[in-house]
>>> print(open('run_28.txt').read())   # compact mmCIF, C-alpha atoms and all ligand atoms
# COMPACT_ATOMS: atom_id res chain seq x y z
CA THR T 388 10.14 -46.75 -0.98
CA SER T 389 10.47 -43.00 -0.38
CA VAL T 390 10.26 -41.67 3.15
CA TRP T 391 7.19 -39.67 2.07
CA ALA T 392 5.44 -42.39 0.09
CA SER T 393 2.48 -42.33 2.48
CA VAL T 394 2.01 -38.52 2.42
CA LYS T 395 -1.42 -37.69 0.91
CA ALA T 396 -2.09 -34.67 -1.32
CA GLY T 397 -3.97 -32.09 0.76
CA PRO T 398 -6.74 -29.82 -0.59
CA PRO T 399 -5.86 -26.33 -1.89
CA ASP T 400 -6.61 -23.56 0.63
CA ALA T 401 -10.20 -22.32 0.22
CA ILE T 402 -8.99 -18.71 0.05
CA LEU T 403 -5.31 -18.64 -0.92
CA GLY T 404 -5.93 -21.42 -3.44
CA ILE T 405 -8.19 -19.05 -5.40
CA SER T 406 -5.25 -16.73 -6.04
CA GLU T 407 -3.29 -19.66 -7.47
CA ALA T 408 -6.12 -20.45 -9.90
CA PHE T 409 -6.36 -16.76 -10.83
CA LYS T 410 -2.60 -16.54 -11.50
CA ALA T 411 -2.78 -19.61 -13.75
CA ASP T 412 -5.58 -18.05 -15.85
CA THR T 413 -4.21 -16.22 -18.92
CA ASP T 414 -7.42 -14.48 -20.01
CA PRO T 415 -6.91 -10.68 -19.94
CA LYS T 416 -10.46 -10.19 -18.59
CA LYS T 417 -9.73 -12.24 -15.46
CA ILE T 418 -10.67 -10.77 -12.07
CA ASN T 419 -9.53 -11.95 -8.62
CA LEU T 420 -12.21 -11.38 -5.96
CA GLY T 421 -10.80 -14.09 -3.70
CA VAL T 422 -8.13 -13.02 -1.25
CA GLY T 423 -9.02 -10.18 1.10
CA ALA T 424 -6.26 -7.84 -0.03
CA TYR T 425 -6.85 -4.24 -1.09
CA ARG T 426 -6.27 -3.17 -4.69
CA ASP T 427 -6.49 0.41 -5.95
CA ASN T 428 -8.77 1.57 -8.78
CA ASN T 429 -6.21 0.27 -11.29
CA GLY T 430 -6.36 -3.19 -9.73
CA LYS T 431 -2.87 -2.82 -8.27
CA PRO T 432 -1.69 -3.65 -4.74
CA TYR T 433 -1.44 -0.44 -2.71
CA VAL T 434 1.63 0.40 -0.67
CA LEU T 435 0.33 3.24 1.48
CA PRO T 436 2.26 6.50 0.96
CA SER T 437 2.56 6.81 4.77
CA VAL T 438 4.29 3.41 4.76
CA GLN T 439 6.61 4.55 1.97
CA LYS T 440 7.54 7.61 4.04
CA ALA T 441 8.21 5.39 7.06
CA GLU T 442 10.42 3.19 4.85
CA GLU T 443 12.53 6.25 3.96
CA ILE T 444 12.83 7.26 7.60
CA LEU T 445 13.92 3.74 8.57
CA TYR T 446 16.38 3.55 5.69
CA LYS T 447 18.16 6.69 6.95
CA GLU T 448 18.25 5.29 10.51
CA LYS T 449 20.44 2.38 9.33
CA SER T 450 19.24 0.27 12.27
CA ASP T 451 20.84 -3.06 13.10
CA LYS T 452 19.23 -6.46 12.51
CA GLU T 453 19.44 -7.76 16.07
CA TYR T 454 16.84 -10.15 17.49
CA LEU T 455 13.74 -8.59 18.97
CA PRO T 456 12.61 -9.73 22.43
CA ILE T 457 10.26 -12.74 22.40
CA THR T 458 7.25 -10.39 22.80
CA GLY T 459 8.47 -8.11 20.02
CA LEU T 460 9.33 -4.42 19.61
CA ALA T 461 8.15 -2.73 22.83
CA SER T 462 7.35 0.62 21.17
CA PHE T 463 5.25 -1.17 18.55
CA ASP T 464 3.40 -3.24 21.18
CA LYS T 465 2.51 -0.11 23.16
CA LEU T 466 1.36 1.96 20.17
CA ALA T 467 -0.57 -0.92 18.63
CA VAL T 468 -2.69 -1.63 21.72
CA GLU T 469 -3.25 2.11 22.28
CA LEU T 470 -4.74 2.18 18.78
CA ALA T 471 -6.98 -0.77 19.59
CA TYR T 472 -8.03 -0.08 23.19
CA GLY T 473 -7.63 3.70 23.29
CA GLU T 474 -4.79 5.55 25.08
CA ASP T 475 -6.92 6.08 28.19
CA SER T 476 -7.99 2.44 28.46
CA ALA T 477 -7.88 1.32 32.11
CA PRO T 478 -5.87 -1.90 31.57
CA ILE T 479 -3.20 0.11 29.70
CA LYS T 480 -3.11 2.95 32.25
CA GLU T 481 -2.95 0.48 35.15
CA GLY T 482 -0.16 -1.54 33.54
CA ARG T 483 -2.17 -4.75 33.41
CA LEU T 484 -2.50 -5.40 29.67
CA SER T 485 -0.28 -8.26 28.59
CA VAL T 486 0.76 -7.79 24.95
CA SER T 487 3.05 -9.51 22.52
CA GLN T 488 3.86 -8.77 18.89
CA SER T 489 2.59 -11.59 16.69
CA LEU T 490 3.00 -12.94 13.17
CA SER T 491 0.07 -10.82 12.04
CA GLY T 492 -3.49 -11.83 12.88
CA THR T 493 -3.00 -15.52 12.22
CA GLY T 494 -0.04 -15.64 14.59
CA ALA T 495 -2.00 -13.80 17.25
CA LEU T 496 -4.85 -16.29 16.93
CA ARG T 497 -2.49 -19.26 17.19
CA VAL T 498 -0.58 -17.93 20.22
CA GLY T 499 -3.81 -16.79 21.87
CA MET T 500 -5.55 -20.12 21.38
CA GLU T 501 -2.51 -22.09 22.55
CA PHE T 502 -2.31 -19.88 25.64
CA LEU T 503 -5.99 -20.56 26.41
CA ALA T 504 -5.62 -24.30 25.74
CA GLU T 505 -2.90 -24.38 28.42
CA HIS T 506 -4.07 -21.78 30.95
CA TYR T 507 -7.82 -21.21 30.63
CA GLY T 508 -9.37 -23.65 33.08
CA ALA T 509 -13.09 -23.14 32.49
CA SER T 510 -13.26 -24.60 28.99
CA LYS T 511 -11.22 -26.04 26.15
CA THR T 512 -13.88 -25.21 23.55
CA ILE T 513 -13.93 -22.11 21.36
CA TYR T 514 -17.20 -21.20 19.65
CA VAL T 515 -16.91 -19.47 16.27
CA PRO T 516 -19.67 -17.75 14.24
CA THR T 517 -21.39 -19.49 11.32
CA PRO T 518 -19.83 -18.74 8.86
CA THR T 519 -16.42 -17.52 9.90
CA TRP T 520 -12.94 -17.05 8.42
CA GLY T 521 -11.85 -20.34 6.88
CA ASN T 522 -8.66 -20.60 8.98
CA HIS T 523 -10.20 -20.21 12.47
CA ALA T 524 -11.13 -23.88 12.93
CA ALA T 525 -7.77 -25.16 11.66
CA ILE T 526 -5.86 -22.84 14.01
CA ALA T 527 -8.02 -23.92 16.98
CA LYS T 528 -7.42 -27.58 16.21
CA ARG T 529 -3.64 -27.21 16.06
CA ALA T 530 -3.70 -25.01 19.15
CA GLY T 531 -5.43 -27.74 21.14
CA LEU T 532 -8.94 -26.27 21.44
CA LYS T 533 -12.16 -27.92 20.39
CA CYS T 534 -14.01 -25.77 17.84
CA GLU T 535 -17.81 -25.48 17.91
CA LYS T 536 -20.16 -23.05 16.18
CA TYR T 537 -22.80 -20.51 17.09
CA ARG T 538 -25.45 -19.20 14.69
CA TYR T 539 -24.64 -15.76 13.23
CA PHE T 540 -25.62 -15.14 9.59
CA ASP T 541 -29.20 -15.46 8.35
CA PRO T 542 -29.31 -16.39 4.62
CA ALA T 543 -33.01 -15.54 4.53
CA THR T 544 -32.43 -11.90 5.45
CA VAL T 545 -28.78 -11.89 4.33
CA GLY T 546 -28.23 -10.24 7.70
CA LEU T 547 -27.42 -11.04 11.32
CA ASN T 548 -29.56 -13.63 13.10
CA PHE T 549 -29.12 -11.82 16.39
CA GLU T 550 -31.78 -13.75 18.30
CA ALA T 551 -30.20 -17.09 17.33
CA MET T 552 -26.72 -15.78 18.15
CA VAL T 553 -27.85 -14.75 21.64
CA GLU T 554 -29.73 -18.02 22.14
CA ASP T 555 -26.64 -20.04 21.22
CA ILE T 556 -24.34 -17.99 23.43
CA LYS T 557 -26.76 -18.45 26.32
CA ALA T 558 -26.86 -22.20 25.66
CA MET T 559 -23.06 -22.64 25.77
CA PRO T 560 -21.67 -24.23 28.96
CA GLU T 561 -20.69 -21.54 31.48
CA GLY T 562 -17.22 -20.11 30.89
CA SER T 563 -17.04 -21.04 27.20
CA ILE T 564 -14.65 -19.22 24.86
CA VAL T 565 -16.58 -17.11 22.33
CA LEU T 566 -14.73 -15.89 19.25
CA LEU T 567 -16.07 -12.50 18.12
CA HIS T 568 -15.13 -10.56 14.98
CA ALA T 569 -14.61 -7.03 16.33
CA CYS T 570 -15.66 -5.38 13.02
CA ALA T 571 -16.06 -6.17 9.31
CA HIS T 572 -17.12 -9.79 9.83
CA ASN T 573 -15.43 -12.17 7.40
CA PRO T 574 -16.99 -13.51 5.14
CA THR T 575 -20.42 -11.88 5.58
CA GLY T 576 -19.66 -8.17 6.07
CA VAL T 577 -22.49 -8.21 8.63
CA ASP T 578 -21.73 -6.73 12.09
CA PRO T 579 -23.84 -6.35 15.25
CA THR T 580 -25.00 -2.79 15.88
CA GLN T 581 -23.56 -0.94 18.85
CA GLU T 582 -26.85 -1.60 20.69
CA GLN T 583 -26.50 -5.33 19.97
CA TRP T 584 -22.88 -5.34 21.13
CA LYS T 585 -24.10 -3.96 24.45
CA GLN T 586 -26.59 -6.81 24.75
CA LEU T 587 -23.90 -9.33 23.78
CA SER T 588 -21.66 -7.99 26.54
CA GLU T 589 -24.45 -8.64 29.07
CA VAL T 590 -25.08 -12.17 27.77
CA VAL T 591 -21.37 -13.07 27.76
CA LYS T 592 -20.99 -11.63 31.27
CA ALA T 593 -24.04 -13.46 32.63
CA LYS T 594 -22.62 -16.80 31.52
CA LYS T 595 -19.05 -15.92 32.57
CA HIS T 596 -17.92 -16.66 29.01
CA PHE T 597 -14.49 -15.59 27.74
CA ALA T 598 -14.59 -12.99 24.94
CA PHE T 599 -11.92 -13.78 22.32
CA PHE T 600 -11.79 -10.87 19.82
CA ASP T 601 -10.34 -11.09 16.33
CA MET T 602 -9.82 -7.54 14.98
CA ALA T 603 -8.22 -7.91 11.55
CA TYR T 604 -9.86 -4.87 9.95
CA GLN T 605 -9.73 -1.93 12.35
CA GLY T 606 -10.38 1.17 10.22
CA PHE T 607 -11.49 -0.87 7.25
CA ALA T 608 -15.14 -1.23 8.19
CA SER T 609 -16.15 2.41 8.66
CA GLY T 610 -12.92 4.18 7.73
CA ASP T 611 -12.71 5.24 11.40
CA THR T 612 -10.38 3.27 13.67
CA VAL T 613 -12.16 4.44 16.85
CA ARG T 614 -15.61 3.49 15.59
CA ASP T 615 -14.39 0.09 14.42
CA ALA T 616 -12.93 -0.64 17.88
CA PHE T 617 -16.29 0.00 19.62
CA ALA T 618 -16.97 -3.62 20.58
CA VAL T 619 -13.46 -4.21 21.96
CA ARG T 620 -13.48 -1.00 24.00
CA TYR T 621 -17.04 -1.50 25.27
CA PHE T 622 -16.33 -5.05 26.47
CA VAL T 623 -13.19 -3.86 28.28
CA GLU T 624 -15.10 -0.96 29.88
CA GLN T 625 -17.71 -3.50 31.01
CA GLY T 626 -14.99 -5.45 32.82
CA HIS T 627 -14.48 -8.39 30.46
CA GLN T 628 -10.94 -9.78 30.57
CA ILE T 629 -10.77 -10.14 26.78
CA LEU T 630 -8.09 -11.57 24.55
CA LEU T 631 -7.54 -9.51 21.38
CA CYS T 632 -5.89 -10.52 18.11
CA GLN T 633 -4.82 -7.49 16.06
CA SER T 634 -3.58 -7.38 12.45
CA PHE T 635 -1.96 -4.59 10.43
CA ALA T 636 -2.12 -6.61 7.21
CA LYS T 637 -5.11 -4.81 5.73
CA ASN T 638 -5.40 -1.41 7.40
CA LEU T 639 -1.72 -0.64 6.83
CA GLY T 640 -1.29 -2.82 3.75
CA LEU T 641 1.48 -4.77 5.50
CA TYR T 642 0.19 -8.20 4.38
CA GLY T 643 3.56 -9.82 3.76
CA GLU T 644 5.36 -8.09 6.68
CA ARG T 645 3.28 -10.17 9.12
CA VAL T 646 2.64 -7.51 11.79
CA GLY T 647 0.08 -7.89 14.59
CA THR T 648 -0.38 -8.30 18.32
CA VAL T 649 -2.00 -10.65 20.78
CA SER T 650 -3.09 -9.04 24.06
CA LEU T 651 -4.86 -10.16 27.23
CA VAL T 652 -6.53 -8.05 29.91
CA THR T 653 -5.29 -9.16 33.35
CA ALA T 654 -6.27 -8.15 36.88
CA SER T 655 -3.05 -6.46 38.01
CA ALA T 656 0.53 -5.62 37.05
CA GLU T 657 1.65 -8.65 39.06
CA GLU T 658 -0.73 -10.92 37.14
CA LYS T 659 0.37 -9.33 33.86
CA ALA T 660 3.96 -10.31 34.68
CA ARG T 661 2.91 -13.93 35.20
CA VAL T 662 0.85 -13.95 32.00
CA ASP T 663 3.73 -12.34 30.07
CA SER T 664 6.07 -15.06 31.27
CA GLN T 665 3.69 -17.80 30.08
CA LEU T 666 3.09 -16.08 26.72
CA LYS T 667 6.86 -16.18 26.21
CA LEU T 668 6.86 -19.92 26.92
CA VAL T 669 4.30 -20.41 24.12
CA ILE T 670 6.15 -18.20 21.64
CA ARG T 671 9.80 -19.15 22.20
CA PRO T 672 9.47 -22.76 20.93
CA MET T 673 7.08 -21.67 18.14
CA TYR T 674 9.12 -18.99 16.33
CA SER T 675 11.32 -17.52 19.12
CA ASN T 676 10.83 -13.83 18.21
CA PRO T 677 9.01 -11.87 15.49
CA PRO T 678 10.27 -10.00 12.39
CA VAL T 679 11.55 -6.50 13.11
CA HIS T 680 10.90 -4.49 9.94
CA GLY T 681 7.10 -4.33 9.90
CA ALA T 682 7.00 -3.50 13.60
CA ARG T 683 9.41 -0.60 13.04
CA LEU T 684 7.22 0.68 10.18
CA VAL T 685 4.08 0.67 12.33
CA SER T 686 5.92 2.16 15.31
CA THR T 687 7.31 4.97 13.10
CA ILE T 688 3.89 5.78 11.68
CA LEU T 689 1.94 5.65 14.95
CA SER T 690 4.56 7.68 16.84
CA THR T 691 4.87 10.46 14.23
CA PRO T 692 1.70 12.60 14.47
CA GLU T 693 1.68 13.81 10.86
CA LEU T 694 2.38 10.27 9.59
CA LYS T 695 -0.41 8.86 11.75
CA GLU T 696 -2.80 11.52 10.44
CA GLN T 697 -1.75 10.71 6.87
CA TRP T 698 -2.27 7.00 7.50
CA LEU T 699 -5.76 7.57 8.96
CA SER T 700 -6.72 9.46 5.81
CA GLU T 701 -5.33 6.63 3.67
CA VAL T 702 -7.25 3.91 5.52
CA LYS T 703 -10.40 6.02 5.11
CA LEU T 704 -9.63 6.37 1.40
CA MET T 705 -9.43 2.56 1.09
CA ALA T 706 -12.67 2.07 3.04
CA ASP T 707 -14.40 4.75 0.94
CA ARG T 708 -13.28 3.20 -2.34
CA ILE T 709 -14.76 -0.12 -1.27
CA ILE T 710 -18.04 1.57 -0.32
CA ASP T 711 -18.02 3.26 -3.74
CA MET T 712 -17.63 -0.13 -5.44
CA ARG T 713 -20.56 -1.48 -3.39
CA GLU T 714 -22.76 1.32 -4.73
CA LYS T 715 -21.59 0.80 -8.32
CA LEU T 716 -22.02 -2.98 -8.25
CA TYR T 717 -25.48 -2.64 -6.72
CA ASN T 718 -26.58 -0.08 -9.35
CA LYS T 719 -25.28 -2.24 -12.21
CA LEU T 720 -27.04 -5.37 -10.93
CA VAL T 721 -30.32 -3.44 -10.64
CA GLU T 722 -29.81 -1.85 -14.08
CA LEU T 723 -29.34 -5.36 -15.52
CA LYS T 724 -32.59 -6.45 -13.82
CA THR T 725 -30.69 -9.23 -12.03
CA PRO T 726 -33.28 -11.44 -10.32
CA GLY T 727 -33.26 -11.14 -6.52
CA GLU T 728 -32.62 -8.52 -3.86
CA TRP T 729 -29.10 -6.94 -3.82
CA GLY T 730 -29.37 -4.31 -1.08
CA HIS T 731 -27.07 -6.38 1.14
CA ILE T 732 -24.16 -5.57 -1.18
CA LYS T 733 -24.50 -1.95 -0.01
CA SER T 734 -25.42 -2.58 3.63
CA GLN T 735 -22.57 -4.99 4.34
CA ILE T 736 -19.30 -3.42 5.56
CA GLY T 737 -15.57 -4.09 5.41
CA MET T 738 -13.59 -5.84 2.69
CA PHE T 739 -16.14 -8.42 1.71
CA SER T 740 -19.60 -8.83 0.32
CA PHE T 741 -21.46 -12.08 0.92
CA THR T 742 -23.30 -12.14 -2.37
CA GLY T 743 -25.47 -15.22 -1.89
CA LEU T 744 -24.05 -16.84 -5.06
CA LYS T 745 -24.19 -20.64 -4.92
CA PRO T 746 -21.06 -22.81 -5.33
CA GLU T 747 -22.09 -23.93 -8.83
CA GLN T 748 -22.60 -20.26 -9.83
CA VAL T 749 -19.15 -19.47 -8.41
CA ASP T 750 -17.67 -22.31 -10.48
CA ALA T 751 -19.43 -21.00 -13.61
CA LEU T 752 -17.97 -17.52 -13.05
CA ALA T 753 -14.47 -19.01 -12.87
CA GLN T 754 -14.87 -21.31 -15.83
CA LYS T 755 -16.88 -19.04 -18.15
CA ALA T 756 -16.02 -15.50 -17.09
CA HIS T 757 -12.53 -15.97 -15.59
CA ILE T 758 -13.78 -14.37 -12.38
CA TYR T 759 -12.45 -15.88 -9.16
CA LEU T 760 -14.12 -15.79 -5.74
CA THR T 761 -14.43 -18.18 -2.81
CA ARG T 762 -17.06 -20.93 -3.16
CA ASP T 763 -19.14 -19.50 -0.30
CA GLY T 764 -20.01 -16.59 -2.61
CA ARG T 765 -17.79 -14.06 -0.82
CA ILE T 766 -16.22 -11.34 -2.95
CA SER T 767 -13.36 -9.12 -1.92
CA MET T 768 -14.81 -5.77 -2.97
CA ALA T 769 -11.37 -4.21 -3.51
CA GLY T 770 -10.89 -6.57 -6.45
CA LEU T 771 -13.46 -4.44 -8.25
CA ASN T 772 -12.71 -1.10 -9.92
CA ASP T 773 -14.22 1.24 -12.47
CA SER T 774 -12.88 -0.78 -15.38
CA ASN T 775 -14.12 -4.23 -14.34
CA VAL T 776 -17.24 -3.68 -12.22
CA GLU T 777 -19.54 -3.64 -15.29
CA TYR T 778 -18.06 -6.90 -16.63
CA PHE T 779 -18.42 -8.48 -13.21
CA ALA T 780 -22.05 -7.32 -12.82
CA GLU T 781 -22.93 -8.62 -16.30
CA SER T 782 -21.25 -11.98 -15.60
CA MET T 783 -22.89 -12.26 -12.18
CA SER T 784 -26.27 -11.33 -13.67
CA LYS T 785 -25.87 -14.07 -16.30
CA VAL T 786 -25.13 -16.84 -13.79
CA VAL T 787 -28.05 -15.75 -11.59
CA LYS T 788 -30.58 -15.66 -14.43
C1 LIG T 801 -11.07 -12.49 10.37
C2 LIG T 801 -9.63 -12.65 10.01
N1 LIG T 801 -8.74 -12.91 11.01
C3 LIG T 801 -7.43 -13.05 10.73
C4 LIG T 801 -6.95 -12.96 9.45
C5 LIG T 801 -5.48 -13.17 9.27
O1 LIG T 801 -4.85 -12.19 8.61
P1 LIG T 801 -3.26 -11.97 8.76
O2 LIG T 801 -2.78 -11.77 7.37
O3 LIG T 801 -2.69 -13.20 9.41
O4 LIG T 801 -3.14 -10.78 9.62
C6 LIG T 801 -7.83 -12.70 8.36
C7 LIG T 801 -7.33 -12.59 6.93
N2 LIG T 801 -8.20 -13.13 5.96
C8 LIG T 801 -8.13 -12.63 4.59
C9 LIG T 801 -6.72 -12.67 4.01
C10 LIG T 801 -6.23 -13.97 3.39
C11 LIG T 801 -6.23 -15.09 4.40
O5 LIG T 801 -5.26 -15.19 5.19
O6 LIG T 801 -7.23 -15.85 4.40
C12 LIG T 801 -9.17 -13.37 3.74
O7 LIG T 801 -10.09 -13.95 4.36
O8 LIG T 801 -9.12 -13.26 2.53
C13 LIG T 801 -9.19 -12.53 8.66
O9 LIG T 801 -10.08 -12.27 7.68
>>> encode(input="run_28.txt", output="structure tokens")
Amino acid sequence: TSVWASVKAGPPDAILGISEAFKADTDPKKINLGVGAYRDNNGKPYVLPSVQKAEEILYKEKSDKEYLPITGLASFDKLAVELAYGEDSAPIKEGRLSVSQSLSGTGALRVGMEFLAEHYGASKTIYVPTPTWGNHAAIAKRAGLKCEKYRYFDPATVGLNFEAMVEDIKAMPEGSIVLLHACAHNPTGVDPTQEQWKQLSEVVKAKKHFAFFDMAYQGFASGDTVRDAFAVRYFVEQGHQILLCQSFAKNLGLYGERVGTVSLVTASAEEKARVDSQLKLVIRPMYSNPPVHGARLVSTILSTPELKEQWLSEVKLMADRIIDMREKLYNKLVELKTPGEWGHIKSQIGMFSFTGLKPEQVDALAQKAHIYLTRDGRISMAGLNDSNVEYFAESMSKVVK
């Protein structure tokens, strides 16, 4: 028999599998609201003009294709964490922020969790919100961490169950690892307020928990990269030694370039050096060193003032278009007298709206209306535009009635 005779067929990915089903559908009315990837008002992927300009600059530079260091392109690492933490962040100024380029956000999560599994003594359990991004638990498992949950979303109010979240964080064994979405929570689009983040910092500190931030959407929630980094910067100012996973997939449209960072706040430059050396020992046998092109693009943009300004206006344009689609979808659903309350579609922020649609309603939308979204009822708002939002609202209204 074949060497692989015993290999079982695995399930399609809950998110990326939706795109496969969408591609296979031949109906011209089809709409893909699955994968969290921005599309412009014509439904097309958007290569940011600032990225196109950086491509031209790089092309003229005719750089070589040599290996990067294990921790990536140094200029990219520096500029990326300055964007996240702020240029005047104490760990950066005091030379005690350990940072490595990563294979986008997923790679940062994997390296970060493997690092904790090996070096974080207080716990081998990471607590993730309910619900959370579909890949978090699988990454934790392969990284060697146990994955548990804390309450987060309240279906009754379609909002944050802050009291339950705090209660669960307080109930975790001291020193637990708490995964926090820095902004634009996926899949719910529901974030703590700045006031609530301050309370969360106190609760995490009181229990000596470890704050593990996933920031995949900086700039995408509010259109303002500083505002979206509030939680990360506040926790650092409050003295938490956080780990941060950063992605440039969405806010710079570099999905397939796989550009991100993983960073850890340490106590001193000497400790940073030891942490750096152990990060390298996790990365080297995993993928040795990261791809150079995307890092050069980001480094070019963030180090050229007019390009950075242009980029910031582009990320705000993307965020604003999504907010515009929230308004339009809400108005259409109300116009169609769709049973139920739909205000959450407007109040949620970031790429996604957690509609409240049930799995069987999601299946009906795929089968009858050729509209694809994840079975938890999440829709990627950027999949909507002025020419399909009415059709989507009508179809959604039908399955709800
Ligand atoms: C919270 C969160 N963390 C990390 C990532 C990883 O993104 P990278 O591309 O590795 O930087 C995503 C992407 N989630 C999107 C995109 C598709 C996917 O990878 O699932 C989504 O949920 O649709 C995410 O939503």
>>> residues_near_ligand(input="run_28.txt", ligand="ligand LIG 801 (chain T)", cutoff="6 Å", atoms="all atoms listed in the file", output="count of residues only")
13
>>> residues_around(input="run_28.txt", residues="segment 698-714 of chain T", least_positions_apart="4", cutoff="7 Å", atoms="all atoms listed in the file", output="list in words")
Leu435, Ser437, Gly606, Phe607, Ala608, Ser609, Gly610, Asp611, Asn638, Leu694, Asn718, Ile732, Lys733, Met768, Ala769, Leu771 and Asn772 of chain T
>>> write_last_selection(input="run_28.txt", atoms="C-alpha atoms", output="compact mmCIF listing (two decimals), in the frame of the given file")
# COMPACT_ATOMS: atom_id res chain seq x y z
CA LEU T 435 0.33 3.24 1.48
CA SER T 437 2.56 6.81 4.77
CA GLY T 606 -10.38 1.17 10.22
CA PHE T 607 -11.49 -0.87 7.25
CA ALA T 608 -15.14 -1.23 8.19
CA SER T 609 -16.15 2.41 8.66
CA GLY T 610 -12.92 4.18 7.73
CA ASP T 611 -12.71 5.24 11.40
CA ASN T 638 -5.40 -1.41 7.40
CA LEU T 694 2.38 10.27 9.59
CA ASN T 718 -26.58 -0.08 -9.35
CA ILE T 732 -24.16 -5.57 -1.18
CA LYS T 733 -24.50 -1.95 -0.01
CA MET T 768 -14.81 -5.77 -2.97
CA ALA T 769 -11.37 -4.21 -3.51
CA LEU T 771 -13.46 -4.44 -8.25
CA ASN T 772 -12.71 -1.10 -9.92
>>> closest_residue(input="run_28.txt", among="T:Ala461, T:Ala618, T:Val669, T:Ala682", to="Leu641 of chain T", atoms="all atoms listed in the file")
T:Ala682
>>> residues_around(input="run_28.txt", residues="segment 741-744 of chain T", least_positions_apart="3", cutoff="12 Å", atoms="all atoms listed in the file", output="PDB file with C-alpha atoms, in the frame of the given file")
ATOM      1  CA  LEU T 420     -12.210 -11.380  -5.960  1.00  0.00           C
ATOM      2  CA  GLY T 421     -10.800 -14.090  -3.700  1.00  0.00           C
ATOM      3  CA  PRO T 518     -19.830 -18.740   8.860  1.00  0.00           C
ATOM      4  CA  THR T 519     -16.420 -17.520   9.900  1.00  0.00           C
ATOM      5  CA  PHE T 540     -25.620 -15.140   9.590  1.00  0.00           C
ATOM      6  CA  ASP T 541     -29.200 -15.460   8.350  1.00  0.00           C
ATOM      7  CA  PRO T 542     -29.310 -16.390   4.620  1.00  0.00           C
ATOM      8  CA  ALA T 543     -33.010 -15.540   4.530  1.00  0.00           C
ATOM      9  CA  THR T 544     -32.430 -11.900   5.450  1.00  0.00           C
ATOM     10  CA  VAL T 545     -28.780 -11.890   4.330  1.00  0.00           C
ATOM     11  CA  GLY T 546     -28.230 -10.240   7.700  1.00  0.00           C
ATOM     12  CA  ALA T 571     -16.060  -6.170   9.310  1.00  0.00           C
ATOM     13  CA  HIS T 572     -17.120  -9.790   9.830  1.00  0.00           C
ATOM     14  CA  ASN T 573     -15.430 -12.170   7.400  1.00  0.00           C
ATOM     15  CA  PRO T 574     -16.990 -13.510   5.140  1.00  0.00           C
ATOM     16  CA  THR T 575     -20.420 -11.880   5.580  1.00  0.00           C
ATOM     17  CA  GLY T 576     -19.660  -8.170   6.070  1.00  0.00           C
ATOM     18  CA  VAL T 577     -22.490  -8.210   8.630  1.00  0.00           C
ATOM     19  CA  ARG T 713     -20.560  -1.480  -3.390  1.00  0.00           C
ATOM     20  CA  LEU T 716     -22.020  -2.980  -8.250  1.00  0.00           C
ATOM     21  CA  TYR T 717     -25.480  -2.640  -6.720  1.00  0.00           C
ATOM     22  CA  LEU T 720     -27.040  -5.370 -10.930  1.00  0.00           C
ATOM     23  CA  PRO T 726     -33.280 -11.440 -10.320  1.00  0.00           C
ATOM     24  CA  GLY T 727     -33.260 -11.140  -6.520  1.00  0.00           C
ATOM     25  CA  GLU T 728     -32.620  -8.520  -3.860  1.00  0.00           C
ATOM     26  CA  TRP T 729     -29.100  -6.940  -3.820  1.00  0.00           C
ATOM     27  CA  GLY T 730     -29.370  -4.310  -1.080  1.00  0.00           C
ATOM     28  CA  HIS T 731     -27.070  -6.380   1.140  1.00  0.00           C
ATOM     29  CA  ILE T 732     -24.160  -5.570  -1.180  1.00  0.00           C
ATOM     30  CA  LYS T 733     -24.500  -1.950  -0.010  1.00  0.00           C
ATOM     31  CA  SER T 734     -25.420  -2.580   3.630  1.00  0.00           C
ATOM     32  CA  GLN T 735     -22.570  -4.990   4.340  1.00  0.00           C
ATOM     33  CA  ILE T 736     -19.300  -3.420   5.560  1.00  0.00           C
ATOM     34  CA  GLY T 737     -15.570  -4.090   5.410  1.00  0.00           C
ATOM     35  CA  MET T 738     -13.590  -5.840   2.690  1.00  0.00           C
ATOM     36  CA  GLU T 747     -22.090 -23.930  -8.830  1.00  0.00           C
ATOM     37  CA  GLN T 748     -22.600 -20.260  -9.830  1.00  0.00           C
ATOM     38  CA  VAL T 749     -19.150 -19.470  -8.410  1.00  0.00           C
ATOM     39  CA  ASP T 750     -17.670 -22.310 -10.480  1.00  0.00           C
ATOM     40  CA  ALA T 751     -19.430 -21.000 -13.610  1.00  0.00           C
ATOM     41  CA  LEU T 752     -17.970 -17.520 -13.050  1.00  0.00           C
ATOM     42  CA  LEU T 760     -14.120 -15.790  -5.740  1.00  0.00           C
ATOM     43  CA  THR T 761     -14.430 -18.180  -2.810  1.00  0.00           C
ATOM     44  CA  ARG T 762     -17.060 -20.930  -3.160  1.00  0.00           C
ATOM     45  CA  ASP T 763     -19.140 -19.500  -0.300  1.00  0.00           C
ATOM     46  CA  GLY T 764     -20.010 -16.590  -2.610  1.00  0.00           C
ATOM     47  CA  ARG T 765     -17.790 -14.060  -0.820  1.00  0.00           C
ATOM     48  CA  ILE T 766     -16.220 -11.340  -2.950  1.00  0.00           C
ATOM     49  CA  SER T 767     -13.360  -9.120  -1.920  1.00  0.00           C
ATOM     50  CA  MET T 768     -14.810  -5.770  -2.970  1.00  0.00           C
ATOM     51  CA  ALA T 780     -22.050  -7.320 -12.820  1.00  0.00           C
ATOM     52  CA  SER T 782     -21.250 -11.980 -15.600  1.00  0.00           C
ATOM     53  CA  MET T 783     -22.890 -12.260 -12.180  1.00  0.00           C
ATOM     54  CA  SER T 784     -26.270 -11.330 -13.670  1.00  0.00           C
ATOM     55  CA  LYS T 785     -25.870 -14.070 -16.300  1.00  0.00           C
ATOM     56  CA  VAL T 786     -25.130 -16.840 -13.790  1.00  0.00           C
ATOM     57  CA  VAL T 787     -28.050 -15.750 -11.590  1.00  0.00           C
ATOM     58  CA  LYS T 788     -30.580 -15.660 -14.430  1.00  0.00           C
TER      59      LYS T 788
END
